[in-house]
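*Asks:* Structure file query00.cif (mmCIF, C-alpha atoms and all ligand atoms) right here:
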```
data_my_file
#
loop_
_atom_site.group_PDB
_atom_site.id
_atom_site.type_symbol
_atom_site.label_atom_id
_atom_site.label_comp_id
_atom_site.auth_asym_id
_atom_site.auth_seq_id
_atom_site.Cartn_x
_atom_site.Cartn_y
_atom_site.Cartn_z
ATOM 1 C CA MET A 1 3.582 18.068 -23.411
ATOM 2 C CA GLU A 2 1.288 15.764 -25.364
ATOM 3 C CA THR A 3 -1.481 14.837 -22.895
ATOM 4 C CA LYS A 4 -2.638 11.900 -25.036
ATOM 5 C CA ILE A 5 0.707 10.152 -24.469
ATOM 6 C CA LEU A 6 0.611 10.947 -20.756
ATOM 7 C CA GLN A 7 -2.931 9.554 -20.574
ATOM 8 C CA ALA A 8 -1.881 6.331 -22.318
ATOM 9 C CA ASN A 9 1.080 5.986 -19.926
ATOM 10 C CA LEU A 10 -1.162 6.566 -16.915
ATOM 11 C CA LEU A 11 -3.670 3.998 -18.176
ATOM 12 C CA GLU A 12 -0.840 1.475 -18.490
ATOM 13 C CA LEU A 13 0.308 2.388 -14.983
ATOM 14 C CA ILE A 14 -3.186 1.702 -13.644
ATOM 15 C CA ARG A 15 -3.379 -1.600 -15.554
ATOM 16 C CA ARG A 16 -0.026 -2.756 -14.209
ATOM 17 C CA THR A 17 -0.827 -1.679 -10.667
ATOM 18 C CA SER A 18 -4.168 -3.468 -10.672
ATOM 19 C CA ALA A 19 -3.096 -6.675 -12.448
ATOM 20 C CA GLU A 20 0.582 -7.201 -11.601
ATOM 21 C CA LEU A 21 2.119 -7.364 -8.163
ATOM 22 C CA PRO A 22 5.589 -5.831 -7.832
ATOM 23 C CA GLY A 23 8.545 -8.242 -7.831
ATOM 24 C CA ASP A 24 9.470 -7.609 -4.181
ATOM 25 C CA VAL A 25 5.956 -8.591 -3.050
ATOM 26 C CA LYS A 26 5.916 -11.716 -5.221
ATOM 27 C CA GLN A 27 9.312 -12.738 -3.845
ATOM 28 C CA ALA A 28 8.118 -12.261 -0.259
ATOM 29 C CA ILE A 29 5.024 -14.387 -0.959
ATOM 30 C CA ALA A 30 7.167 -17.092 -2.608
ATOM 31 C CA LYS A 31 9.481 -17.062 0.428
ATOM 32 C CA GLY A 32 6.464 -17.466 2.723
ATOM 33 C CA LEU A 33 5.201 -20.353 0.624
ATOM 34 C CA ARG A 34 8.530 -22.152 1.011
ATOM 35 C CA LYS A 35 8.377 -21.668 4.782
ATOM 36 C CA GLU A 36 4.854 -23.029 5.356
ATOM 37 C CA LYS A 37 4.491 -26.659 6.379
ATOM 38 C CA LYS A 38 3.614 -29.114 3.618
ATOM 39 C CA ASP A 39 -0.163 -29.666 3.241
ATOM 40 C CA SER A 40 -0.956 -27.058 5.915
ATOM 41 C CA SER A 41 -3.774 -24.498 5.620
ATOM 42 C CA GLY A 42 -1.136 -21.763 5.507
ATOM 43 C CA GLN A 43 0.550 -23.392 2.529
ATOM 44 C CA TYR A 44 -2.819 -23.855 0.818
ATOM 45 C CA ALA A 45 -3.784 -20.190 1.340
ATOM 46 C CA LEU A 46 -0.471 -18.913 -0.024
ATOM 47 C CA GLN A 47 -0.672 -21.277 -2.988
ATOM 48 C CA VAL A 48 -4.143 -19.930 -3.881
ATOM 49 C CA ILE A 49 -2.828 -16.367 -3.537
ATOM 50 C CA SER A 50 0.163 -17.211 -5.692
ATOM 51 C CA ASP A 51 -1.957 -18.840 -8.429
ATOM 52 C CA ASN A 52 -4.275 -15.852 -8.368
ATOM 53 C CA ILE A 53 -1.347 -13.452 -8.860
ATOM 54 C CA GLY A 54 -0.168 -15.462 -11.876
ATOM 55 C CA MET A 55 -3.631 -15.601 -13.494
ATOM 56 C CA ALA A 56 -4.284 -11.883 -12.973
ATOM 57 C CA LYS A 57 -1.048 -10.990 -14.753
ATOM 58 C CA VAL A 58 -1.659 -13.299 -17.722
ATOM 59 C CA ASN A 59 -5.221 -12.052 -18.218
ATOM 60 C CA SER A 60 -4.661 -8.371 -17.272
ATOM 61 C CA LEU A 61 -7.393 -8.699 -14.668
ATOM 62 C CA PRO A 62 -7.529 -7.105 -11.211
ATOM 63 C CA ILE A 63 -5.595 -9.165 -8.659
ATOM 64 C CA CYS A 64 -8.490 -8.657 -6.252
ATOM 65 C CA GLN A 65 -12.099 -7.661 -6.918
ATOM 66 C CA ASP A 66 -11.676 -4.727 -4.531
ATOM 67 C CA THR A 67 -9.409 -2.403 -6.496
ATOM 68 C CA GLY A 68 -9.310 -0.147 -3.469
ATOM 69 C CA THR A 69 -8.687 3.521 -2.905
ATOM 70 C CA ILE A 70 -6.652 5.103 -5.688
ATOM 71 C CA ILE A 71 -3.710 6.930 -4.152
ATOM 72 C CA CYS A 72 -1.514 8.959 -6.499
ATOM 73 C CA TYR A 73 1.793 10.718 -5.813
ATOM 74 C CA ALA A 74 3.217 12.940 -8.527
ATOM 75 C CA GLU A 75 6.443 14.932 -8.678
ATOM 76 C CA LEU A 76 5.704 17.596 -11.245
ATOM 77 C CA PRO A 77 8.422 19.205 -13.406
ATOM 78 C CA SER A 78 7.954 22.685 -14.895
ATOM 79 C CA TRP A 79 6.428 21.264 -18.101
ATOM 80 C CA CYS A 80 3.504 19.564 -16.290
ATOM 81 C CA ASP A 81 1.168 21.637 -14.127
ATOM 82 C CA GLU A 82 -1.115 20.195 -11.478
ATOM 83 C CA LYS A 83 -4.357 21.032 -13.284
ATOM 84 C CA THR A 84 -3.283 19.297 -16.495
ATOM 85 C CA PHE A 85 -1.994 16.284 -14.595
ATOM 86 C CA ARG A 86 -5.240 15.875 -12.604
ATOM 87 C CA LYS A 87 -7.376 16.141 -15.713
ATOM 88 C CA THR A 88 -5.264 13.595 -17.585
ATOM 89 C CA TYR A 89 -5.049 11.180 -14.649
ATOM 90 C CA GLU A 90 -8.816 11.352 -14.196
ATOM 91 C CA ARG A 91 -9.405 10.593 -17.865
ATOM 92 C CA ALA A 92 -7.161 7.548 -17.461
ATOM 93 C CA VAL A 93 -9.069 6.480 -14.318
ATOM 94 C CA VAL A 94 -12.419 6.730 -16.120
ATOM 95 C CA LYS A 95 -11.079 4.669 -19.024
ATOM 96 C CA ALA A 96 -9.523 2.109 -16.648
ATOM 97 C CA THR A 97 -12.897 1.752 -14.918
ATOM 98 C CA LYS A 98 -14.677 1.289 -18.258
ATOM 99 C CA VAL A 99 -12.331 -1.466 -19.402
ATOM 100 C CA GLY A 100 -12.360 -3.233 -16.021
ATOM 101 C CA TYR A 101 -8.876 -2.533 -14.660
ATOM 102 C CA LEU A 102 -10.661 -0.783 -11.797
ATOM 103 C CA ARG A 103 -13.933 -1.642 -10.075
ATOM 104 C CA GLN A 104 -16.535 1.110 -9.675
ATOM 105 C CA ASN A 105 -15.347 1.966 -6.210
ATOM 106 C CA SER A 106 -16.181 5.565 -5.340
ATOM 107 C CA VAL A 107 -19.299 6.088 -3.231
ATOM 108 C CA ASP A 108 -20.837 9.391 -2.119
ATOM 109 C CA SER A 109 -20.586 9.136 1.668
ATOM 110 C CA ILE A 110 -23.819 11.095 2.235
ATOM 111 C CA THR A 111 -26.160 9.585 -0.366
ATOM 112 C CA GLY A 112 -24.516 6.159 -0.806
ATOM 113 C CA VAL A 113 -24.581 6.616 -4.592
ATOM 114 C CA ASN A 114 -21.660 5.129 -6.542
ATOM 115 C CA SER A 115 -20.231 7.639 -9.027
ATOM 116 C CA GLY A 116 -19.588 4.730 -11.411
ATOM 117 C CA ASN A 117 -16.295 6.121 -12.684
ATOM 118 C CA ASN A 118 -14.079 6.265 -9.577
ATOM 119 C CA LEU A 119 -14.195 10.060 -9.439
ATOM 120 C CA GLY A 120 -15.628 12.168 -6.631
ATOM 121 C CA PRO A 121 -14.537 14.355 -3.727
ATOM 122 C CA GLY A 122 -11.188 12.966 -2.526
ATOM 123 C CA ASN A 123 -11.081 10.273 -5.247
ATOM 124 C CA PRO A 124 -8.445 9.748 -6.458
ATOM 125 C CA ALA A 125 -6.369 10.889 -3.480
ATOM 126 C CA TYR A 126 -3.543 13.108 -4.782
ATOM 127 C CA HIS A 127 -0.228 14.158 -3.284
ATOM 128 C CA PHE A 128 1.776 16.637 -5.366
ATOM 129 C CA HIS A 129 5.400 17.689 -5.002
ATOM 130 C CA PRO A 130 7.705 19.666 -7.279
ATOM 131 C CA ALA A 131 10.153 17.476 -9.229
ATOM 132 C CA LYS A 132 13.876 17.853 -8.525
ATOM 133 C CA GLY A 133 14.876 17.203 -12.149
ATOM 134 C CA LYS A 134 13.173 17.379 -15.533
ATOM 135 C CA SER A 135 11.263 14.079 -15.329
ATOM 136 C CA LEU A 136 7.698 13.527 -14.218
ATOM 137 C CA THR A 137 7.540 10.839 -11.523
ATOM 138 C CA VAL A 138 4.208 9.193 -10.798
ATOM 139 C CA LYS A 139 3.617 6.582 -8.113
ATOM 140 C CA MET A 140 0.308 4.989 -7.307
ATOM 141 C CA MET A 141 -1.136 2.553 -4.837
ATOM 142 C CA LEU A 142 -4.438 0.713 -4.756
ATOM 143 C CA LYS A 143 -5.357 0.157 -1.129
ATOM 144 C CA GLY A 144 -8.102 -2.365 -0.494
ATOM 145 C CA GLY A 145 -10.927 -1.515 1.915
ATOM 146 C CA GLY A 146 -10.532 -4.677 4.010
ATOM 147 C CA SER A 147 -6.925 -3.809 4.767
ATOM 148 C CA GLU A 148 -7.730 -0.147 5.347
ATOM 149 C CA ASN A 149 -10.349 -1.183 7.919
ATOM 150 C CA MET A 150 -7.564 -2.847 9.900
ATOM 151 C CA SER A 151 -5.354 0.245 9.937
ATOM 152 C CA ALA A 152 -5.136 1.736 13.393
ATOM 153 C CA GLN A 153 -3.938 4.768 15.273
ATOM 154 C CA TYR A 154 -2.742 4.620 18.862
ATOM 155 C CA SER A 155 -2.406 7.515 21.263
ATOM 156 C CA LEU A 156 0.282 6.808 23.822
ATOM 157 C CA PRO A 157 0.339 6.099 26.668
ATOM 158 C CA ASP A 158 -2.204 3.316 26.099
ATOM 159 C CA ASN A 159 -2.933 1.423 29.326
ATOM 160 C CA ARG A 160 -4.969 -1.269 27.553
ATOM 161 C CA ILE A 161 -1.827 -2.671 25.929
ATOM 162 C CA GLY A 162 0.677 -1.319 28.466
ATOM 163 C CA ALA A 163 2.269 0.959 25.868
ATOM 164 C CA GLY A 164 4.308 3.929 27.069
ATOM 165 C CA ARG A 165 5.851 6.747 25.048
ATOM 166 C CA ASP A 166 8.916 4.903 23.811
ATOM 167 C CA LEU A 167 9.946 2.312 21.217
ATOM 168 C CA GLU A 168 8.788 -0.510 23.486
ATOM 169 C CA GLY A 169 5.367 1.185 23.474
ATOM 170 C CA VAL A 170 5.495 1.357 19.675
ATOM 171 C CA ARG A 171 6.357 -2.364 19.558
ATOM 172 C CA ARG A 172 3.281 -3.144 21.640
ATOM 173 C CA CYS A 173 1.059 -1.102 19.323
ATOM 174 C CA LEU A 174 2.337 -2.915 16.236
ATOM 175 C CA LEU A 175 1.847 -6.380 17.676
ATOM 176 C CA ASP A 176 -1.619 -5.348 18.863
ATOM 177 C CA ALA A 177 -2.477 -4.157 15.326
ATOM 178 C CA VAL A 178 -1.311 -7.492 13.876
ATOM 179 C CA VAL A 179 -3.392 -9.487 16.364
ATOM 180 C CA ASN A 180 -6.459 -7.334 15.662
ATOM 181 C CA ALA A 181 -6.086 -7.842 11.899
ATOM 182 C CA GLN A 182 -6.068 -11.599 12.394
ATOM 183 C CA GLY A 183 -8.425 -13.251 9.909
ATOM 184 C CA LYS A 184 -9.749 -9.870 8.716
ATOM 185 C CA GLY A 185 -7.162 -7.894 6.783
ATOM 186 C CA CYS A 186 -6.351 -10.584 4.145
ATOM 187 C CA GLY A 187 -2.926 -11.425 5.507
ATOM 188 C CA PRO A 188 -0.068 -11.915 5.169
ATOM 189 C CA GLY A 189 0.050 -8.191 5.777
ATOM 190 C CA ILE A 190 2.539 -5.368 5.504
ATOM 191 C CA LEU A 191 2.700 -2.602 8.111
ATOM 192 C CA GLY A 192 3.442 0.985 7.141
ATOM 193 C CA VAL A 193 4.084 2.814 10.387
ATOM 194 C CA CYS A 194 4.619 6.397 11.476
ATOM 195 C CA VAL A 195 5.774 7.241 14.975
ATOM 196 C CA GLY A 196 4.674 10.768 15.863
ATOM 197 C CA GLY A 197 3.184 13.528 13.739
ATOM 198 C CA ASP A 198 -0.432 14.580 14.241
ATOM 199 C CA ARG A 199 -3.378 12.299 13.492
ATOM 200 C CA GLY A 200 -3.540 13.363 9.836
ATOM 201 C CA SER A 201 0.148 13.581 8.971
ATOM 202 C CA GLY A 202 0.837 10.324 10.838
ATOM 203 C CA TYR A 203 -1.491 8.302 8.640
ATOM 204 C CA VAL A 204 -0.223 9.971 5.454
ATOM 205 C CA ALA A 205 3.397 9.184 6.375
ATOM 206 C CA ALA A 206 2.490 5.620 7.381
ATOM 207 C CA LYS A 207 0.992 5.009 3.928
ATOM 208 C CA GLU A 208 3.846 6.763 2.156
ATOM 209 C CA THR A 209 6.421 4.505 3.765
ATOM 210 C CA LEU A 210 4.725 1.528 2.086
ATOM 211 C CA PHE A 211 6.381 2.679 -1.154
ATOM 212 C CA ARG A 212 9.703 1.418 0.233
ATOM 213 C CA LEU A 213 10.915 -1.915 -1.138
ATOM 214 C CA LEU A 214 10.165 -4.857 1.130
ATOM 215 C CA ASP A 215 13.793 -5.979 1.245
ATOM 216 C CA ASP A 216 15.374 -2.559 1.836
ATOM 217 C CA LYS A 217 16.904 -1.491 5.134
ATOM 218 C CA ASN A 218 15.804 1.436 7.247
ATOM 219 C CA ASP A 219 18.480 4.192 7.380
ATOM 220 C CA ASP A 220 17.658 4.714 11.032
ATOM 221 C CA LYS A 221 19.368 1.930 12.988
ATOM 222 C CA ARG A 222 16.837 2.035 15.842
ATOM 223 C CA LEU A 223 13.924 1.678 13.452
ATOM 224 C CA ALA A 224 15.727 -0.983 11.395
ATOM 225 C CA LYS A 225 16.108 -3.013 14.585
ATOM 226 C CA LEU A 226 12.450 -2.549 15.481
ATOM 227 C CA GLU A 227 11.357 -3.572 11.959
ATOM 228 C CA ARG A 228 13.345 -6.825 12.249
ATOM 229 C CA GLN A 229 12.008 -7.489 15.724
ATOM 230 C CA ILE A 230 8.361 -6.991 14.727
ATOM 231 C CA MET A 231 8.790 -9.251 11.687
ATOM 232 C CA LYS A 232 10.233 -11.981 13.868
ATOM 233 C CA GLU A 233 7.702 -11.663 16.666
ATOM 234 C CA ALA A 234 4.635 -11.288 14.434
ATOM 235 C CA ASN A 235 5.651 -14.288 12.358
ATOM 236 C CA SER A 236 5.921 -16.425 15.472
ATOM 237 C CA LEU A 237 2.350 -15.671 16.568
ATOM 238 C CA GLY A 238 0.989 -18.527 14.433
ATOM 239 C CA ILE A 239 -1.691 -16.354 12.765
ATOM 240 C CA GLY A 240 -0.523 -17.194 9.232
ATOM 241 C CA PRO A 241 -1.926 -16.408 5.766
ATOM 242 C CA MET A 242 -5.592 -15.308 5.896
ATOM 243 C CA GLY A 243 -5.507 -16.152 9.624
ATOM 244 C CA PHE A 244 -5.496 -19.902 8.802
ATOM 245 C CA GLY A 245 -2.440 -20.515 10.973
ATOM 246 C CA GLY A 246 1.182 -20.743 9.880
ATOM 247 C CA GLU A 247 4.508 -18.967 9.735
ATOM 248 C CA THR A 248 3.723 -16.087 7.378
ATOM 249 C CA THR A 249 1.735 -13.404 9.183
ATOM 250 C CA LEU A 250 3.659 -10.383 7.903
ATOM 251 C CA LEU A 251 5.564 -9.804 4.667
ATOM 252 C CA GLY A 252 7.116 -6.564 5.794
ATOM 253 C CA VAL A 253 7.266 -3.726 8.328
ATOM 254 C CA LYS A 254 8.301 -0.209 7.296
ATOM 255 C CA ILE A 255 8.624 2.449 9.984
ATOM 256 C CA THR A 256 9.160 6.173 9.700
ATOM 257 C CA HIS A 257 8.835 9.014 12.183
ATOM 258 C CA ARG A 258 7.679 12.625 12.418
ATOM 259 C CA ASN A 259 8.148 15.157 15.170
ATOM 260 C CA ARG A 260 5.202 15.636 17.533
ATOM 261 C CA VAL A 261 3.997 18.191 20.041
ATOM 262 C CA PRO A 262 4.880 17.375 23.682
ATOM 263 C CA ALA A 263 1.223 16.653 24.515
ATOM 264 C CA SER A 264 0.725 13.934 21.850
ATOM 265 C CA PHE A 265 2.375 10.676 20.860
ATOM 266 C CA PHE A 266 0.584 8.930 18.020
ATOM 267 C CA VAL A 267 1.537 5.660 16.403
ATOM 268 C CA SER A 268 -0.200 5.330 13.035
ATOM 269 C CA VAL A 269 -0.361 1.928 11.385
ATOM 270 C CA ALA A 270 -1.356 1.566 7.736
ATOM 271 C CA TYR A 271 -2.182 -2.109 7.359
ATOM 272 C CA MET A 272 -1.766 -3.456 3.825
ATOM 273 C CA CYS A 273 -3.042 -6.831 2.627
ATOM 274 C CA TRP A 274 -1.161 -9.371 0.464
ATOM 275 C CA ALA A 275 -2.667 -7.625 -2.612
ATOM 276 C CA PHE A 276 0.003 -4.984 -2.170
ATOM 277 C CA ARG A 277 -0.512 -3.042 -5.382
ATOM 278 C CA ARG A 278 1.894 -0.216 -6.026
ATOM 279 C CA ASN A 279 3.809 0.902 -9.076
ATOM 280 C CA GLY A 280 5.160 4.017 -10.760
ATOM 281 C CA PHE A 281 7.192 5.453 -13.599
ATOM 282 C CA GLN A 282 9.458 8.275 -14.623
ATOM 283 C CA MET A 283 8.661 10.036 -17.854
ATOM 284 C CA GLY A 284 10.372 12.725 -19.934
ATOM 285 C CA GLU A 285 8.659 15.674 -21.593
ATOM 286 C CA GLY A 286 8.462 13.808 -24.910
ATOM 287 C CA GLY A 287 6.334 11.124 -23.276
ATOM 288 C CA LYS A 288 8.943 8.350 -23.131
ATOM 289 C CA ILE A 289 8.922 6.314 -19.922
ATOM 290 C CA SER A 290 12.548 6.062 -18.824
ATOM 291 C CA ARG A 291 11.956 3.751 -15.878
ATOM 292 C CA TRP A 292 9.286 1.658 -14.178
ATOM 293 C CA LEU A 293 9.838 2.015 -10.438
ATOM 294 C CA TYR A 294 8.855 -1.536 -9.464
ATOM 295 C CA GLU A 295 9.722 -4.526 -11.626
ATOM 296 C CA SER A 296 6.842 -6.978 -11.868
HETATM 297 S S1 LIG A 301 -8.178 -6.603 1.911
HETATM 298 FE FE1 LIG A 301 -6.917 -6.783 0.051
HETATM 299 S S2 LIG A 301 -7.021 -8.922 -0.588
HETATM 300 FE FE2 LIG A 301 -8.665 -8.548 0.902
HETATM 301 S S3 LIG A 301 -10.472 -8.092 -0.324
HETATM 302 FE FE3 LIG A 301 -9.493 -6.152 0.186
HETATM 303 S S4 LIG A 301 -8.085 -5.698 -1.484
HETATM 304 FE FE4 LIG A 301 -8.650 -7.843 -1.645
#
```
Translate the structure of the given file into structure tokens.
Ligand code: SF4
*Replies:*
Amino acid sequence: METKILQANLLELIRRTSAELPGDVKQAIAKGLRKEKKDSSGQYALQVISDNIGMAKVNSLPICQDTGTIICYAELPSWCDEKTFRKTYERAVVKATKVGYLRQNSVDSITGVNSGNNLGPGNPAYHFHPAKGKSLTVKMMLKGGGSENMSAQYSLPDNRIGAGRDLEGVRRCLLDAVVNAQGKGCGPGILGVCVGGDRGSGYVAAKETLFRLLDDKNDDKRLAKLERQIMKEANSLGIGPMGFGGETTLLGVKITHRNRVPASFFVSVAYMCWAFRRNGFQMGEGGKISRWLYES
């Protein structure tokens, strides 16, 4: 494999992810804009967001100044080993930081010193899997700090919100998370949710489920029903875009589940802001990208 081509493809992936929102997110924002009352604060907020999305794409500039945590998933075929991939991805990240696709966003948690190039322990955050076929599949997400601060994990039962160990309890957790994010998480938001797992695996799965398309349908009928219900209920709370009031509080809810031990019942909520930056590609050994995973 020619690593120079891979590096160029990864740099383009980072540029697209930072500057261009995926089509499903743009459609959901446009739908919200149509729903908001004329001349309302909610309509104004969504219009500003929408204009910002358009300008970022035209100028290849970050959609938001906080380019977030870099999360990378890669399915590696036999011709691309993990060490080579990491090295190449990191070169692309350094270049992307230099040219301004990414903000200098990686801080040593002990000294407070910014590494200046987005590299450091845990940055980027990698998840590797073996590929099923011969293509390399790379997906990435840029998750803003403001939205990450509004992510939450519940341990059920939770008497504060009257949540027991069942889907009604999960519903209560999700509505509580939406209310808590009000005016803070740069809504309209998207919830990635995992029911069960342990504290670590629950959050990982909650974030992973955000790679689903906003307009897809959950294979699990019970969870599909809960997703629809949360969308409906959250969007009738009146919180609206940026917490200014209005109809569009959530753009999507994606729920998955993991088995748990009898003693624990966690509900992990990965809260994502409107700057829902995710993209990916599939690439063959020769370096040709066969498919972008999210149309912009
Ligand atoms: S929460 Fe999202 S939109 Fe708000 S500042 Fe962070 S990245 Fe930007």
*Asks:* Would you please work out which residue, of A:Arg15, A:Arg165, A:Arg171, A:Lys134, is nearest to Ala96 in chain A when using all atoms listed in the file?
*Replies:*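 Using all atoms listed in the file, Ala96 in chain A sits closest to A:Arg15.
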*Asks:* At most 7 Å is the cut-off: for each residue in chain A with any atom that close to an atom of ligand LIG 301 (chain A), write down the nearest atom pair and the distance in Å rounded to one decimal, counting all atoms listed in the file, chain first then increasing number, as a tab-separated table.
*Replies:*
```
residue	atom	partner	partner_atom	distance
A:Cys64	CA	A:LIG301	FE4	4.7
A:Gln65	CA	A:LIG301	FE4	6.3
A:Asp66	CA	A:LIG301	S4	4.8
A:Thr67	CA	A:LIG301	S4	6.1
A:Gly68	CA	A:LIG301	S4	6.0
A:Lys143	CA	A:LIG301	S4	6.5
A:Gly144	CA	A:LIG301	S4	3.5
A:Gly145	CA	A:LIG301	FE3	5.2
A:Gly146	CA	A:LIG301	S1	3.7
A:Ser147	CA	A:LIG301	S1	4.2
A:Gly185	CA	A:LIG301	S1	5.1
A:Cys186	CA	A:LIG301	FE2	4.5
A:Cys273	CA	A:LIG301	FE1	4.7
A:Trp274	CA	A:LIG301	S2	6.0
A:Ala275	CA	A:LIG301	S2	5.0
```
*Asks:* Hey, which of A:Thr111, A:Thr88, A:Arg199, A:Gly133 ends up closest to Gly284 in chain A? Count all atoms listed in the file.
*Replies:*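 Under the stated criterion, the closest residue is A:Gly133.
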*Asks:* Once the PyMOL selection byres (((chain A and resi 17-32) around 7) and not hetatm) has been applied to the shown file, what residues remain in the selection, as a PyMOL selection string?
*Replies:* chain A and resi 13-16+33-36+56-57+60-63+67+101+213-214+248+251+276-279+294-296
*Asks:* With C-alpha atoms retained, write the just-selected residues as a PDB file, keeping the file's coordinate frame.
*Replies:*
```pdb
ATOM      1  CA  LEU A  13       0.308   2.388 -14.983  1.00  0.00           C
ATOM      2  CA  ILE A  14      -3.186   1.702 -13.644  1.00  0.00           C
ATOM      3  CA  ARG A  15      -3.379  -1.600 -15.554  1.00  0.00           C
ATOM      4  CA  ARG A  16      -0.026  -2.756 -14.209  1.00  0.00           C
ATOM      5  CA  LEU A  33       5.201 -20.353   0.624  1.00  0.00           C
ATOM      6  CA  ARG A  34       8.530 -22.152   1.011  1.00  0.00           C
ATOM      7  CA  LYS A  35       8.377 -21.668   4.782  1.00  0.00           C
ATOM      8  CA  GLU A  36       4.854 -23.029   5.356  1.00  0.00           C
ATOM      9  CA  ALA A  56      -4.284 -11.883 -12.973  1.00  0.00           C
ATOM     10  CA  LYS A  57      -1.048 -10.990 -14.753  1.00  0.00           C
ATOM     11  CA  SER A  60      -4.661  -8.371 -17.272  1.00  0.00           C
ATOM     12  CA  LEU A  61      -7.393  -8.699 -14.668  1.00  0.00           C
ATOM     13  CA  PRO A  62      -7.529  -7.105 -11.211  1.00  0.00           C
ATOM     14  CA  ILE A  63      -5.595  -9.165  -8.659  1.00  0.00           C
ATOM     15  CA  THR A  67      -9.409  -2.403  -6.496  1.00  0.00           C
ATOM     16  CA  TYR A 101      -8.876  -2.533 -14.660  1.00  0.00           C
ATOM     17  CA  LEU A 213      10.915  -1.915  -1.138  1.00  0.00           C
ATOM     18  CA  LEU A 214      10.165  -4.857   1.130  1.00  0.00           C
ATOM     19  CA  THR A 248       3.723 -16.087   7.378  1.00  0.00           C
ATOM     20  CA  LEU A 251       5.564  -9.804   4.667  1.00  0.00           C
ATOM     21  CA  PHE A 276       0.003  -4.984  -2.170  1.00  0.00           C
ATOM     22  CA  ARG A 277      -0.512  -3.042  -5.382  1.00  0.00           C
ATOM     23  CA  ARG A 278       1.894  -0.216  -6.026  1.00  0.00           C
ATOM     24  CA  ASN A 279       3.809   0.902  -9.076  1.00  0.00           C
ATOM     25  CA  TYR A 294       8.855  -1.536  -9.464  1.00  0.00           C
ATOM     26  CA  GLU A 295       9.722  -4.526 -11.626  1.00  0.00           C
ATOM     27  CA  SER A 296       6.842  -6.978 -11.868  1.00  0.00           C
TER      28      SER A 296
END
```
*Asks:* I'd like to know which of A:Ala92, A:Val48, A:Ser40, A:Leu136 is closest to Ala8 in chain A, using all atoms listed in the file.
*Replies:* A:Ala92
*Asks:* Could you work out how far CA of Ile70 in chain A lies from CA of Tyr203 in chain A, giving the answer in Å with one decimal?
*Replies:*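 That distance, rounded to one decimal, is 15.6 Å.
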*Asks:* CA of Ser264 in chain A to CA of Ser155 in chain A: how many Å, to one decimal?
*Replies:* 7.2 Å
*Asks:* Expand the PyMOL selection byres (((chain A and resi 216) around 12) and not hetatm) into the individual residues it matches in the shown file, reporting them as a list in words.
*Replies:*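 With the PyMOL selection byres (((chain A and resi 216) around 12) and not hetatm) on this model, the match is Asp24, Thr209, Leu210, Phe211, Arg212, Leu213, Leu214, Asp215, Lys217, Asn218, Asp219, Asp220, Ala224, Glu227, Arg228, Gly252, Val253, Lys254 and Ile255 of chain A.
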*Asks:* Identify which of the residues A:Asn105, A:Ser41, A:Thr3, A:Asn117 lies closest to Gly238 in chain A, counting all atoms listed in the file when measuring atom-to-atom distances.
*Replies:*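 Comparing A:Asn105, A:Ser41, A:Thr3, A:Asn117 against Gly238 in chain A, the winner is A:Ser41.
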*Asks:* Mind pulling up the distance from CA of Pro124 in chain A to CA of Asp81 in chain A?
*Replies:*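 If I compute the distance from CA of Asp81 in chain A to CA of Pro124 in chain A, I get 17.1 Å.
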*Asks:* Once you count only C-alpha atoms, which residues end up no further than 8 Å from (6.7, 19.3, -16.8) in the file's frame, shown as a list in words?
*Replies:*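 The requested residues, written out, are Met1, Leu76, Pro77, Ser78, Trp79, Cys80, Asp81, Lys134, Ser135, Leu136 and Glu285 of chain A.
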*Asks:* Give me the residues near Ala125 in chain A as a list in words, where near means some atom within 10 Å (using all atoms listed in the file) and where sequence neighbours in that chain fewer than 5 positions away do not count.
*Replies:*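 Counting only the stated atoms, we get Thr69, Ile70, Ile71, Cys72, Tyr73, Leu119, Gly120, Met140 and Met141 of chain A.
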*Asks:* Around all of range 87-98 of chain A's listed atoms, make the axis-aligned box with 6 Å on each side and tell me centre and edge lengths in Å to one decimal, as JSON.
*Replies:*
```
{"center_x": -9.9, "center_y": 8.7, "center_z": -16.6, "size_x": 21.6, "size_y": 26.9, "size_z": 16.8}
```
*Asks:* Go through A:Leu223, A:Met272, A:Ile161, A:Ile289 one by one, measure the shortest atom-to-atom distance of each to Glu148 in chain A using only C-alpha atoms, and give the residue with the smallest value.
*Replies:*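 Once distances to Glu148 in chain A are computed over only C-alpha atoms, the minimum belongs to A:Met272.
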*Asks:* Which residues are near Asp176 in chain A? Cut-off 12 Å, all atoms listed in the file, ignore same chain within fewer than 2 positions. Put them as a VMD selection string.
*Replies:* chain A and resid 150 to 154 158 160 to 163 169 to 174 178 to 182 191 230 233 to 234 237 267 269 271
*Asks:* Nearest to Lys83 in chain A among A:Val99, A:Met231, A:Gln47, A:Tyr126, with distances taken over all atoms listed in the file: which residue is it?
*Replies:*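 Residue with the minimum atom-to-atom distance to Lys83 in chain A: A:Tyr126.
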*Asks:* Run through the PyMOL selection byres (((chain A and resi 202) around 9) and not hetatm) on the given coordinates and return the selected residues as a PyMOL selection string.
*Replies:* chain A and resi 153+193-201+203-207+257-258+266-269
*Asks:* Here's a test: counting all atoms listed in the file, identify every protein, DNA and RNA residue with an atom at most 8 Å from (-4.9, -13.6, 6.9) in the file's coordinate frame, and state them as a ChimeraX atom specification.
*Replies:* /A:181-189,239-244,249
